[in-house]
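Novice: I'd like to ask some things about the structure below.
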Amino acid sequence: MPVLSQYWFHNGFFQGPFDVFNEPYPDGGWAWISNGSPSAATLVWNRPDGEHTVDLAGQLNTGDVLAIVDGALGSQASRTSGIIAQGVFWPNVPYYGSNPGRHPASMMLARVYFNFHVSTPWYCSDADGNISYYLVLYLDASGHAKGYVDGWSYHYSGGGPFCTGHINDALNKAVPGAIGQVQKALDNKLSLLAAFTFSTMYFLPGSGTSSQGDHAENADTDLAVAVLS
Amino acid sequence: MKYDIIESLESLLREEGFTNLSTLRASHEATLTAVKGDTRLVTHISDRASVPSHAQPHADVPDPSEIAVRPRVPGVPTDAISGTPGRASGSGVSKGR
């Protein structure tokens, strides 16, 4: 049964906290949703029958993926959050400036990230930050869902006054060094869809739930990818 | 980065009675710490000329021709000039009934 979904973003389109209300309706029928609380942006989207959604954060917060992340960090840093997902438009990706023509400006990449902590010697402050991998998801010519790691970034605060060089060295080695493992984990997750072919792919903020009624979620901490046959 | 000066400092500090010498080395800096009684000494040297990049594109990615369908973002035209939507609106109807 198709579902009419209306999103109210509190801070901006596809950003931060939002409310979504889902209203199923019969084929050939109609649906309406009354307006919710004040918002910075709204989106109404008709969810066709046959839509399959994949909650990225939900799929990635599994023991095998978390073990890969923890293994890549080693003993030099510790993970302080689960895997978080966010949709980021290409111009907002940190390495956009290195080659703006790499992707269309309207393209959204899936940022998967987690928070970390680095303990330092007594003469430095500890460092806290996050490590991100930017994924490109797409359909290939045969309609299969594919994806690859397009790049990485990290950001942290602390480590001063003398330990940032040591921390940067460790991260500059560990973060790109784990791309192969991240790609393998992504391939494993996408292999669940290998038996199916699709014609359309789109992103939805949050978990992508289509359950009837009101839901409060956050576009900065979860992202769903939807496919249609 | 050459660590000669750190090694010279270590020798000097040992001669002066400092103990618990520890050196944290990175590609562009090194920090030497030592203790003598109530005195804790920290020496930091750096030859860093610029902050290393904290974001990089991955070089080994599929050829763009492999991408047949890019994911859409509801509400965003695929040919949008800017990828950072501001105030915008849109509507449409399909042909026929």
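By order of appearance in the structure tokens: chains A, B, ..., then residues from 1 within every chain, and ligands from 1 in the order shown.
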I need the contact residues of chain A against chain B, so if you could list those with any atom within 7 Å, counting only C-alpha atoms, and return them as a PyMOL selection string, that would help.
Specialist: chain A and resi 43+89-91+94-95+105-107+137-141+148+150-155+162+165-166+169+201-203
Novice: Could you pull out the residues in region 10-83 of chain B that DSSP calls strand (DSSP E or B) from the backbone, as a PyMOL selection string?
Specialist: chain B and resi 19-25+29-36+39-46+55-57+69+72
Novice: Restricting the calculation to only C-alpha atoms: of B:Lys2, B:Asp63, B:Asp47, B:Glu10, which residue gets closest to Ala34 (chain B)?
Specialist: B:Glu10
Novice: Please list as an NGL selection string every residue within 10 Å of region 216-219 of chain A, counting only C-alpha atoms and excluding residues in the same chain fewer than 4 positions away.
Specialist: :A and (7-10 or 12-21 or 85-88 or 204-209 or 223-224)
Novice: Nearest to Gly159 (chain A): which of A:Gly63, A:Gly213, A:Gly101, A:Gly129 is it, counting only C-alpha atoms?
Specialist: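 Smallest separation from Gly159 (chain A) among the options: A:Gly129.
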Novice: What's the separation between CA of Leu186 (chain A) and CA of Gly147 (chain A), in Å to one decimal place?
Specialist: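 Answer for the CA of Leu186 (chain A) to CA of Gly147 (chain A) separation: 7.1 Å.
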Novice: I need the residue nearest Leu56 (chain A) from this list: A:His215, A:His117, A:His144, A:Lys189. Use only C-alpha atoms for the distance.
Specialist: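 Counting only C-alpha atoms, the residue closest to Leu56 (chain A) is A:Lys189.
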Novice: Have a look at A:Trp45, A:Trp32, A:Tyr123, A:Tyr25 and name the one nearest to Ser22 (chain B); count only C-alpha atoms.
Specialist: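 The shortest atom-to-atom distance to Ser22 (chain B) comes from A:Tyr123.
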Novice: Tell me which protein, DNA and RNA residues are within 7 Å of region 171-180 of chain A, counting only C-alpha atoms, leaving out same-chain ones fewer than 3 positions away, and put them as number ranges by chain.
Specialist: A: 72-73, 149, 152, 167-168, 183-184
Novice: How would the residues just chosen look if you wrote them out with C-alpha atoms as a compact mmCIF listing (two decimals), in the first residue's frame?
Specialist:
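Wrote it out as result-v8.txt, contents follow:
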```txt
# COMPACT_ATOMS: atom_id res chain seq x y z
CA ALA A 72 41.39 -0.34 12.76
CA LEU A 73 41.63 2.01 15.73
CA VAL A 149 34.13 4.52 -0.37
CA TRP A 152 37.48 10.06 4.35
CA ILE A 167 47.53 12.07 16.75
CA ASN A 168 47.45 13.26 13.14
CA GLN A 183 34.51 -1.37 1.41
CA LYS A 184 34.32 -5.05 2.28
```
Novice: Can you work out the spacing between CA of Thr62 (chain A) and CA of Gln76 (chain A) in Å, to one decimal?
Specialist: 22.3 Å
Novice: Give the helix (DSSP H, G or I) residues of region 5-87 of chain B, as assigned by DSSP on the backbone, as a list in words.
Specialist: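 Assigned to helix (DSSP H, G or I), within region 5-87 of chain B: Ile5, Ile6, Glu7, Ser8, Leu9, Glu10, Ser11, Leu12, Leu13, Arg14, Glu15, Pro64, Ser65 and Glu66 of chain B.
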Novice: Would you mind exporting N, CA and C atoms of the selected residues as a compact mmCIF listing (two decimals), in the first residue's frame?
Specialist:
```
# COMPACT_ATOMS: atom_id res chain seq x y z
N ILE B 5 68.78 16.33 17.67
CA ILE B 5 68.78 17.27 18.79
C ILE B 5 68.09 16.67 20.01
N ILE B 6 67.07 15.85 19.76
CA ILE B 6 66.37 15.21 20.88
C ILE B 6 67.32 14.21 21.56
N GLU B 7 68.07 13.47 20.75
CA GLU B 7 69.00 12.50 21.33
C GLU B 7 70.10 13.21 22.11
N SER B 8 70.57 14.35 21.61
CA SER B 8 71.57 15.13 22.33
C SER B 8 71.00 15.64 23.66
N LEU B 9 69.75 16.10 23.59
CA LEU B 9 69.09 16.60 24.81
C LEU B 9 68.92 15.48 25.84
N GLU B 10 68.59 14.29 25.36
CA GLU B 10 68.43 13.16 26.27
C GLU B 10 69.74 12.89 27.02
N SER B 11 70.85 12.92 26.27
CA SER B 11 72.16 12.68 26.90
C SER B 11 72.47 13.76 27.93
N LEU B 12 72.19 15.00 27.54
CA LEU B 12 72.46 16.12 28.44
C LEU B 12 71.63 16.01 29.72
N LEU B 13 70.36 15.70 29.55
CA LEU B 13 69.47 15.62 30.72
C LEU B 13 69.86 14.48 31.65
N ARG B 14 70.30 13.37 31.08
CA ARG B 14 70.76 12.26 31.93
C ARG B 14 71.97 12.68 32.76
N GLU B 15 72.89 13.40 32.07
CA GLU B 15 74.09 13.88 32.77
C GLU B 15 73.70 14.82 33.90
N PRO B 64 33.31 6.33 -13.51
CA PRO B 64 31.95 6.90 -13.48
C PRO B 64 30.97 6.23 -14.43
N SER B 65 31.49 5.61 -15.48
CA SER B 65 30.60 4.95 -16.45
C SER B 65 29.88 3.75 -15.83
N GLU B 66 30.39 3.26 -14.71
CA GLU B 66 29.72 2.14 -14.04
C GLU B 66 28.44 2.56 -13.34
```
Novice: Measuring atom to atom with only C-alpha atoms, identify which of A:Val118, A:Ala41, A:Leu228, A:Ala127 is nearest to Phe196 (chain A).
Specialist: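 Distance minimum relative to Phe196 (chain A) lands on A:Leu228.
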